[in-house]
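Read through the structure below, which is laid out as structure tokens, and then see the notes.
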Amino acid sequence: MPLKFDSRIYVAGHRGLVGSAVVRALEQRGYHELLLRTHAELDLTEQAAVREFFDRERPEAVILAAARVGGIQANNTRPALFLRDNLLIQDHVIDAAHRSGVQKLVFLGSSCIYPKLAPQPIKEDYLLTGPLEPTNEWYAIAKIAGLKMCQAYRREFGFNAISLMPTNLYGPGDNFDLQNSHVLPALLRRFHEARLRGDASVTVWGTGTPRREFLHVDDLASAVVYLLETYDAEPIVNVGWGEDVTIRELAHLMAEVTGYRGDVLFDPSKPDGTPRKLLDTSRLSALGWRPSLSLRDGIEQTYAWFQAHVAGARL
Ligand SMILES: NC(=O)c1ccc[n+]([C@@H]2O[C@H](COP(=O)([O-])OP(=O)(O)OC[C@H]3O[C@@H](n4cnc5c(N)ncnc54)[C@H](OP(=O)(O)O)[C@@H]3O)[C@@H](O)[C@H]2O)c1
């Protein structure tokens with residue numbers, strides 16, 4: 001049965017970067033019966049609480065955007081926490097959704113599920129063809145288990161769960177913590193603060209040569225809603241922007257957008273991570289969806305949000 005605008009849709013992780021954008025996109029599209037619970041109200045690592053929530057609220061669709069997420073540093077230092085929490089969250093939500101009769105579930109994975117040295121751009125078929133990037137393998141292993149769980153529940157129970165693999169995301173509501181955040185929000189904050197202090201230089205971790213792809217979270221949310229409504233199949237789907245930039249190019253773009261006029265330096269003694277990560281998005285294009293925001297426009301919009309919300313942002 002297709003979803004209706006009054007279908008009850010549970011967005012897990014609705015205060016996060018992805019979840020908040022998905023809520024905006026669903027509301028814009030006309031869905032008005034959204035079920036939302038904060039982490040404090042419903043801890044998804046607690047199985048009994050999750051089952052009780054699904055039995056009581058009976059959502060018809062679920063967007064699983066709750067996860068323990070962080071940058072290289074956080075992944076490296078808390079391997080047990082990243083593996084355990086993500087396994088528990090997805091296991092509890094997917095199983096409870098199936099048991100309570102949810103019609104459709106959208107699982108959000110990540111491009112870090114692919115082998116470190118996968119050929120570029122990365123096709124969905126390269127999953128499990130080589131070793132992972134060691135700095136975030138704990139998180140990646142959990143995400144691989146999550147997408148396999150969706151596929152297994154579809155095969156064994158006919159449960160309509162789909163899995164999307166977004167590239168690096170950024171946008172309003174991002175985590176701007178310097179220890180635990182991803183490269184784009186961390187750089188935005190560093191250049192912003194360097195401009196305010198009048199620093200002569202900003203030093204960026206690594207050589208500046210790794211290539212990365214960035215997608216604005218509103219574009220991701222638009223893809224989530226599109227595939228929620230139109231895609232019901234086992235194969236995972238990459239969600240990317242289609243092009244990548246070097247960290248050096250990104251750093252200079254950040255300097256321009258934030259108005260920072262000092263030197264941009266690189267520290268090659270710090271780790272670079274995967275040399276290149278660009279998703280092949282031909283499967284998604286064939287399904288009829290394309291992103292709409294350019295990187296510069298997206299960063300300018302995110303910087304405007306950061307400045308307006310700087311006091312309330314996660315600093
Ligand atoms: N950000 C990216 O670049 C990116 C890229 C690719 C894929 N993704 C995927 O998108 C999904 C969401 O990522 P995000 O960037 O939006 O992360 P985020 O901003 O950290 O949001 C995650 C949300 O999950 C909630 N959460 C964490 N543990 C929970 C628990 N035990 N019970 C209930 N809620 C819990 C958090 O609530 P609290 O803050 O209150 O703990 C937060 O609202 C993840 O699956 C991630 O793999 C993200």
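Simple scheme: letters A, B, ... for chains in structure tokens order, numbers from 1 for residues in each chain, numbers from 1 for ligands in the order shown.
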
If we count only C-alpha atoms, what is near range 298-308 of chain A at a cut-off of 8 Å, once residues fewer than 6 positions away on the same chain are taken out, given as a PyMOL selection string? chain A and resi 170-172+188+216+254+257-258

Excluding Leu178 in chain A and its own-chain neighbours fewer than 3 positions away, which residues fall within 9 Å of it when counting only C-alpha atoms? Please give them as a PyMOL selection string. chain A and resi 175+181-182+185-187+189-190+315

Residues of range 146-218 of chain A classed as strand (DSSP E) by DSSP on the backbone are to be reported as a ChimeraX atom specification. /A:161-166,168-170,201-205,211-212,214-216

With a distance cut-off of 6 Å and only C-alpha atoms, select the neighbouring residues of Asn76 in chain A, excluding the residue or stretch itself and same-chain residues fewer than 3 positions from it, and output the selection as a PDB file with all heavy atoms, in the first residue's frame.
ATOM      1  N   ILE A  72      37.414  10.938  12.498  1.00  0.00           N
ATOM      2  CA  ILE A  72      38.495   9.953  12.615  1.00  0.00           C
ATOM      3  C   ILE A  72      38.898   9.752  14.075  1.00  0.00           C
ATOM      4  O   ILE A  72      39.020   8.634  14.561  1.00  0.00           O
ATOM      5  CB  ILE A  72      39.740  10.402  11.812  1.00  0.00           C
ATOM      6  CG1 ILE A  72      39.445  10.391  10.310  1.00  0.00           C
ATOM      7  CG2 ILE A  72      40.943   9.510  12.098  1.00  0.00           C
ATOM      8  CD1 ILE A  72      40.622  10.807   9.444  1.00  0.00           C
ATOM      9  N   GLN A  73      39.077  10.874  14.774  1.00  0.00           N
ATOM     10  CA  GLN A  73      39.555  10.833  16.156  1.00  0.00           C
ATOM     11  C   GLN A  73      38.616  10.013  17.049  1.00  0.00           C
ATOM     12  O   GLN A  73      39.040   9.114  17.766  1.00  0.00           O
ATOM     13  CB  GLN A  73      39.641  12.282  16.675  1.00  0.00           C
ATOM     14  CG  GLN A  73      40.109  12.410  18.086  1.00  0.00           C
ATOM     15  CD  GLN A  73      41.626  12.500  18.135  1.00  0.00           C
ATOM     16  OE1 GLN A  73      42.296  12.251  17.142  1.00  0.00           O
ATOM     17  NE2 GLN A  73      42.170  12.839  19.291  1.00  0.00           N
ATOM     18  N   THR A 135      40.817   3.327  10.209  1.00  0.00           N
ATOM     19  CA  THR A 135      40.436   4.330  11.217  1.00  0.00           C
ATOM     20  C   THR A 135      38.946   4.328  11.529  1.00  0.00           C
ATOM     21  O   THR A 135      38.536   4.806  12.575  1.00  0.00           O
ATOM     22  CB  THR A 135      40.827   5.754  10.774  1.00  0.00           C
ATOM     23  OG1 THR A 135      40.333   5.962   9.452  1.00  0.00           O
ATOM     24  CG2 THR A 135      42.311   5.963  10.820  1.00  0.00           C
TER      25      THR A 135
END

For the contact check between chain A and ligand 1, emit one row per residue of chain A within 9 Å, containing the shortest atom pair and the distance in Å rounded to one decimal, counting only C-alpha atoms and all ligand atoms, chain then rising number order, as JSON lines.
{"residue": "A:Ala12", "atom": "CA", "partner": "ligand 1", "partner_atom_place_in_ligand_line": "34 (N)", "distance": 6.6}
{"residue": "A:Gly13", "atom": "CA", "partner": "ligand 1", "partner_atom_place_in_ligand_line": "24 (O)", "distance": 3.9}
{"residue": "A:His14", "atom": "CA", "partner": "ligand 1", "partner_atom_place_in_ligand_line": "43 (O)", "distance": 5.5}
{"residue": "A:Arg15", "atom": "CA", "partner": "ligand 1", "partner_atom_place_in_ligand_line": "43 (O)", "distance": 4.2}
{"residue": "A:Gly16", "atom": "CA", "partner": "ligand 1", "partner_atom_place_in_ligand_line": "21 (O)", "distance": 3.2}
{"residue": "A:Leu17", "atom": "CA", "partner": "ligand 1", "partner_atom_place_in_ligand_line": "16 (O)", "distance": 3.6}
{"residue": "A:Val18", "atom": "CA", "partner": "ligand 1", "partner_atom_place_in_ligand_line": "16 (O)", "distance": 3.6}
{"residue": "A:Gly19", "atom": "CA", "partner": "ligand 1", "partner_atom_place_in_ligand_line": "16 (O)", "distance": 5.6}
{"residue": "A:Ser20", "atom": "CA", "partner": "ligand 1", "partner_atom_place_in_ligand_line": "16 (O)", "distance": 7.6}
{"residue": "A:Ala21", "atom": "CA", "partner": "ligand 1", "partner_atom_place_in_ligand_line": "16 (O)", "distance": 8.5}
{"residue": "A:Arg37", "atom": "CA", "partner": "ligand 1", "partner_atom_place_in_ligand_line": "33 (C)", "distance": 7.8}
{"residue": "A:Thr38", "atom": "CA", "partner": "ligand 1", "partner_atom_place_in_ligand_line": "40 (O)", "distance": 6.2}
{"residue": "A:His39", "atom": "CA", "partner": "ligand 1", "partner_atom_place_in_ligand_line": "33 (C)", "distance": 3.7}
{"residue": "A:Ala40", "atom": "CA", "partner": "ligand 1", "partner_atom_place_in_ligand_line": "40 (O)", "distance": 6.7}
{"residue": "A:Glu41", "atom": "CA", "partner": "ligand 1", "partner_atom_place_in_ligand_line": "33 (C)", "distance": 8.0}
{"residue": "A:Leu42", "atom": "CA", "partner": "ligand 1", "partner_atom_place_in_ligand_line": "33 (C)", "distance": 5.8}
{"residue": "A:Asp43", "atom": "CA", "partner": "ligand 1", "partner_atom_place_in_ligand_line": "32 (N)", "distance": 3.8}
{"residue": "A:Leu44", "atom": "CA", "partner": "ligand 1", "partner_atom_place_in_ligand_line": "32 (N)", "distance": 3.8}
{"residue": "A:Thr45", "atom": "CA", "partner": "ligand 1", "partner_atom_place_in_ligand_line": "31 (N)", "distance": 4.8}
{"residue": "A:Glu46", "atom": "CA", "partner": "ligand 1", "partner_atom_place_in_ligand_line": "31 (N)", "distance": 7.7}
{"residue": "A:Leu64", "atom": "CA", "partner": "ligand 1", "partner_atom_place_in_ligand_line": "45 (O)", "distance": 7.1}
{"residue": "A:Ala65", "atom": "CA", "partner": "ligand 1", "partner_atom_place_in_ligand_line": "11 (C)", "distance": 4.3}
{"residue": "A:Ala66", "atom": "CA", "partner": "ligand 1", "partner_atom_place_in_ligand_line": "24 (O)", "distance": 3.2}
{"residue": "A:Ala67", "atom": "CA", "partner": "ligand 1", "partner_atom_place_in_ligand_line": "27 (C)", "distance": 4.5}
{"residue": "A:Arg68", "atom": "CA", "partner": "ligand 1", "partner_atom_place_in_ligand_line": "27 (C)", "distance": 4.8}
{"residue": "A:Val69", "atom": "CA", "partner": "ligand 1", "partner_atom_place_in_ligand_line": "20 (O)", "distance": 4.9}
{"residue": "A:Gly70", "atom": "CA", "partner": "ligand 1", "partner_atom_place_in_ligand_line": "20 (O)", "distance": 7.0}
{"residue": "A:Asp85", "atom": "CA", "partner": "ligand 1", "partner_atom_place_in_ligand_line": "31 (N)", "distance": 6.4}
{"residue": "A:Asn86", "atom": "CA", "partner": "ligand 1", "partner_atom_place_in_ligand_line": "28 (N)", "distance": 7.8}
{"residue": "A:Leu88", "atom": "CA", "partner": "ligand 1", "partner_atom_place_in_ligand_line": "31 (N)", "distance": 8.2}
{"residue": "A:Ile89", "atom": "CA", "partner": "ligand 1", "partner_atom_place_in_ligand_line": "31 (N)", "distance": 6.2}
{"residue": "A:Phe107", "atom": "CA", "partner": "ligand 1", "partner_atom_place_in_ligand_line": "45 (O)", "distance": 7.5}
{"residue": "A:Leu108", "atom": "CA", "partner": "ligand 1", "partner_atom_place_in_ligand_line": "45 (O)", "distance": 4.7}
{"residue": "A:Gly109", "atom": "CA", "partner": "ligand 1", "partner_atom_place_in_ligand_line": "47 (O)", "distance": 4.8}
{"residue": "A:Ser110", "atom": "CA", "partner": "ligand 1", "partner_atom_place_in_ligand_line": "7 (C)", "distance": 4.0}
{"residue": "A:Ser111", "atom": "CA", "partner": "ligand 1", "partner_atom_place_in_ligand_line": "6 (C)", "distance": 6.2}
{"residue": "A:Cys112", "atom": "CA", "partner": "ligand 1", "partner_atom_place_in_ligand_line": "6 (C)", "distance": 7.9}
{"residue": "A:Tyr139", "atom": "CA", "partner": "ligand 1", "partner_atom_place_in_ligand_line": "47 (O)", "distance": 8.2}
{"residue": "A:Ala140", "atom": "CA", "partner": "ligand 1", "partner_atom_place_in_ligand_line": "47 (O)", "distance": 8.7}
{"residue": "A:Lys143", "atom": "CA", "partner": "ligand 1", "partner_atom_place_in_ligand_line": "47 (O)", "distance": 7.2}
{"residue": "A:Leu164", "atom": "CA", "partner": "ligand 1", "partner_atom_place_in_ligand_line": "7 (C)", "distance": 8.5}
{"residue": "A:Met165", "atom": "CA", "partner": "ligand 1", "partner_atom_place_in_ligand_line": "7 (C)", "distance": 6.4}
{"residue": "A:Pro166", "atom": "CA", "partner": "ligand 1", "partner_atom_place_in_ligand_line": "6 (C)", "distance": 4.4}
{"residue": "A:Thr167", "atom": "CA", "partner": "ligand 1", "partner_atom_place_in_ligand_line": "6 (C)", "distance": 5.1}
{"residue": "A:Asn168", "atom": "CA", "partner": "ligand 1", "partner_atom_place_in_ligand_line": "3 (O)", "distance": 3.9}
{"residue": "A:Leu169", "atom": "CA", "partner": "ligand 1", "partner_atom_place_in_ligand_line": "3 (O)", "distance": 3.6}
{"residue": "A:Tyr170", "atom": "CA", "partner": "ligand 1", "partner_atom_place_in_ligand_line": "3 (O)", "distance": 6.1}
{"residue": "A:Gly173", "atom": "CA", "partner": "ligand 1", "partner_atom_place_in_ligand_line": "19 (O)", "distance": 7.2}
{"residue": "A:Asp174", "atom": "CA", "partner": "ligand 1", "partner_atom_place_in_ligand_line": "19 (O)", "distance": 6.0}
{"residue": "A:Asn175", "atom": "CA", "partner": "ligand 1", "partner_atom_place_in_ligand_line": "19 (O)", "distance": 6.4}
{"residue": "A:Ser181", "atom": "CA", "partner": "ligand 1", "partner_atom_place_in_ligand_line": "1 (N)", "distance": 8.7}
{"residue": "A:His182", "atom": "CA", "partner": "ligand 1", "partner_atom_place_in_ligand_line": "3 (O)", "distance": 6.8}
{"residue": "A:Leu184", "atom": "CA", "partner": "ligand 1", "partner_atom_place_in_ligand_line": "3 (O)", "distance": 8.9}
{"residue": "A:Phe214", "atom": "CA", "partner": "ligand 1", "partner_atom_place_in_ligand_line": "3 (O)", "distance": 8.0}
{"residue": "A:Leu215", "atom": "CA", "partner": "ligand 1", "partner_atom_place_in_ligand_line": "3 (O)", "distance": 8.3}
{"residue": "A:Val217", "atom": "CA", "partner": "ligand 1", "partner_atom_place_in_ligand_line": "1 (N)", "distance": 8.2}
{"residue": "A:Val239", "atom": "CA", "partner": "ligand 1", "partner_atom_place_in_ligand_line": "6 (C)", "distance": 8.9}

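With distances restricted to only C-alpha atoms, A:Ile94 is the closest residue to Ala161 in chain A from A:Ala142, A:Leu127, A:Ile94, A:Leu132.
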
Pick out the residues sitting within 10 Å of range 202-205 of chain A, and hand them over as a PyMOL selection string; count only C-alpha atoms, and ignore anything fewer than 5 positions along from it in its own chain. chain A and resi 183+187+190-191+193-195+247-248+251+255+260+262-272

Separation of CA of Ser222 in chain A and CA of Pro235 in chain A, in Å?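 Taking CA of Ser222 in chain A as the start and CA of Pro235 in chain A as the end point, the length is 19.4 Å.
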
I need the residues of range 117-206 of chain A that end up classed as alpha helix (DSSP H) by DSSP on the backbone, written out as a PyMOL selection string. chain A and resi 137-157+183-197

Convert the current residue selection to file output with C-alpha atoms, as an mmCIF file, in the first residue's frame.
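Output file result-v8.cif is given in full below:
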data_model
loop_
_atom_site.group_PDB
_atom_site.id
_atom_site.type_symbol
_atom_site.label_atom_id
_atom_site.label_comp_id
_atom_site.auth_asym_id
_atom_site.auth_seq_id
_atom_site.Cartn_x
_atom_site.Cartn_y
_atom_site.Cartn_z
ATOM 1 C CA GLU A 137 36.320 0.076 10.420
ATOM 2 C CA TRP A 138 34.284 -0.391 13.607
ATOM 3 C CA TYR A 139 31.647 1.998 12.404
ATOM 4 C CA ALA A 140 31.797 0.557 8.877
ATOM 5 C CA ILE A 141 31.375 -3.032 10.071
ATOM 6 C CA ALA A 142 28.251 -2.015 11.990
ATOM 7 C CA LYS A 143 26.843 -0.242 8.916
ATOM 8 C CA ILE A 144 27.572 -3.267 6.701
ATOM 9 C CA ALA A 145 25.714 -5.443 9.224
ATOM 10 C CA GLY A 146 22.811 -2.957 9.052
ATOM 11 C CA LEU A 147 22.418 -3.042 5.294
ATOM 12 C CA LYS A 148 22.784 -6.855 5.312
ATOM 13 C CA MET A 149 20.088 -7.019 7.985
ATOM 14 C CA CYS A 150 17.755 -5.032 5.699
ATOM 15 C CA GLN A 151 18.501 -7.421 2.832
ATOM 16 C CA ALA A 152 18.079 -10.513 5.040
ATOM 17 C CA TYR A 153 14.736 -9.305 6.445
ATOM 18 C CA ARG A 154 13.540 -8.579 2.889
ATOM 19 C CA ARG A 155 14.545 -12.102 1.728
ATOM 20 C CA GLU A 156 13.291 -14.049 4.736
ATOM 21 C CA PHE A 157 10.235 -12.018 5.783
ATOM 22 C CA VAL A 183 36.335 17.500 7.920
ATOM 23 C CA LEU A 184 33.985 20.085 6.386
ATOM 24 C CA PRO A 185 32.320 21.465 9.553
ATOM 25 C CA ALA A 186 35.659 21.313 11.416
ATOM 26 C CA LEU A 187 37.359 23.389 8.687
ATOM 27 C CA LEU A 188 34.467 25.852 8.529
ATOM 28 C CA ARG A 189 34.735 26.505 12.243
ATOM 29 C CA ARG A 190 38.540 26.738 12.197
ATOM 30 C CA PHE A 191 38.578 29.289 9.370
ATOM 31 C CA HIS A 192 35.770 31.260 10.987
ATOM 32 C CA GLU A 193 37.636 31.447 14.320
ATOM 33 C CA ALA A 194 40.961 32.190 12.597
ATOM 34 C CA ARG A 195 39.342 35.167 10.840
ATOM 35 C CA LEU A 196 37.869 36.463 14.114
ATOM 36 C CA ARG A 197 41.245 36.181 15.884
#

Pairwise distance for CA of Gly198 in chain A and CA of Glu256 in chain A, rounded to one decimal in Å: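 CA of Glu256 in chain A lies at a distance of 14.6 Å from CA of Gly198 in chain A.
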
Long-range neighbours of Asn238 in chain A as a PyMOL selection string, 7 Å cut-off, only C-alpha atoms, 2 positions minimum in chain: chain A and resi 124+164-166+236+240+279-281+284

Expected file: the selected residues, N, CA, C and O atoms, as a PDB file, in the first residue's frame:
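Produced file result_25.pdb, reproduced below:
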ATOM      1  N   GLU A 124      28.229   0.407  -6.104  1.00  0.00           N
ATOM      2  CA  GLU A 124      27.625  -0.364  -5.014  1.00  0.00           C
ATOM      3  C   GLU A 124      28.184  -1.788  -4.995  1.00  0.00           C
ATOM      4  O   GLU A 124      28.333  -2.395  -3.923  1.00  0.00           O
ATOM      5  N   LEU A 164      20.395   3.169   1.907  1.00  0.00           N
ATOM      6  CA  LEU A 164      21.036   4.225   1.126  1.00  0.00           C
ATOM      7  C   LEU A 164      22.418   4.506   1.703  1.00  0.00           C
ATOM      8  O   LEU A 164      22.582   4.528   2.925  1.00  0.00           O
ATOM      9  N   MET A 165      23.390   4.719   0.844  1.00  0.00           N
ATOM     10  CA  MET A 165      24.767   4.971   1.286  1.00  0.00           C
ATOM     11  C   MET A 165      25.165   6.388   0.895  1.00  0.00           C
ATOM     12  O   MET A 165      25.598   6.625  -0.238  1.00  0.00           O
ATOM     13  N   PRO A 166      24.977   7.352   1.818  1.00  0.00           N
ATOM     14  CA  PRO A 166      25.337   8.738   1.482  1.00  0.00           C
ATOM     15  C   PRO A 166      26.845   8.956   1.520  1.00  0.00           C
ATOM     16  O   PRO A 166      27.546   8.318   2.293  1.00  0.00           O
ATOM     17  N   ILE A 236      21.550  -1.934  -2.543  1.00  0.00           N
ATOM     18  CA  ILE A 236      21.818  -0.664  -1.864  1.00  0.00           C
ATOM     19  C   ILE A 236      21.974   0.431  -2.918  1.00  0.00           C
ATOM     20  O   ILE A 236      22.270   0.141  -4.092  1.00  0.00           O
ATOM     21  N   GLY A 240      25.195  10.473  -3.715  1.00  0.00           N
ATOM     22  CA  GLY A 240      26.345  11.371  -3.727  1.00  0.00           C
ATOM     23  C   GLY A 240      26.066  12.600  -4.560  1.00  0.00           C
ATOM     24  O   GLY A 240      24.961  12.781  -5.094  1.00  0.00           O
ATOM     25  N   LEU A 279      31.600   8.545  -4.862  1.00  0.00           N
ATOM     26  CA  LEU A 279      30.610   7.503  -5.131  1.00  0.00           C
ATOM     27  C   LEU A 279      30.163   7.547  -6.581  1.00  0.00           C
ATOM     28  O   LEU A 279      29.997   8.624  -7.161  1.00  0.00           O
ATOM     29  N   ASP A 280      29.965   6.365  -7.142  1.00  0.00           N
ATOM     30  CA  ASP A 280      29.324   6.253  -8.449  1.00  0.00           C
ATOM     31  C   ASP A 280      27.821   6.345  -8.198  1.00  0.00           C
ATOM     32  O   ASP A 280      27.254   5.507  -7.488  1.00  0.00           O
ATOM     33  N   THR A 281      27.184   7.355  -8.764  1.00  0.00           N
ATOM     34  CA  THR A 281      25.757   7.564  -8.468  1.00  0.00           C
ATOM     35  C   THR A 281      24.877   7.205  -9.668  1.00  0.00           C
ATOM     36  O   THR A 281      23.743   7.681  -9.770  1.00  0.00           O
ATOM     37  N   LEU A 284      21.422   5.712  -8.764  1.00  0.00           N
ATOM     38  CA  LEU A 284      20.463   6.716  -8.295  1.00  0.00           C
ATOM     39  C   LEU A 284      19.970   7.586  -9.457  1.00  0.00           C
ATOM     40  O   LEU A 284      18.777   7.896  -9.552  1.00  0.00           O
TER      41      LEU A 284
END

Smallest atom-to-atom distance to Leu278 in chain A: which of A:Lys123, A:Pro134, A:Leu227, A:Arg290, using only C-alpha atoms?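 Under the stated criterion, the closest residue is A:Lys123.
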
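What separates CA of Ala223 in chain A from CA of Asp55 in chain A is a distance of 28.5 Å.
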
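Shortest atom-to-atom contact with Thr230 in chain A among A:Ile113, A:Ile162, A:Ala25, A:Ala74: A:Ile162, counting only C-alpha atoms.
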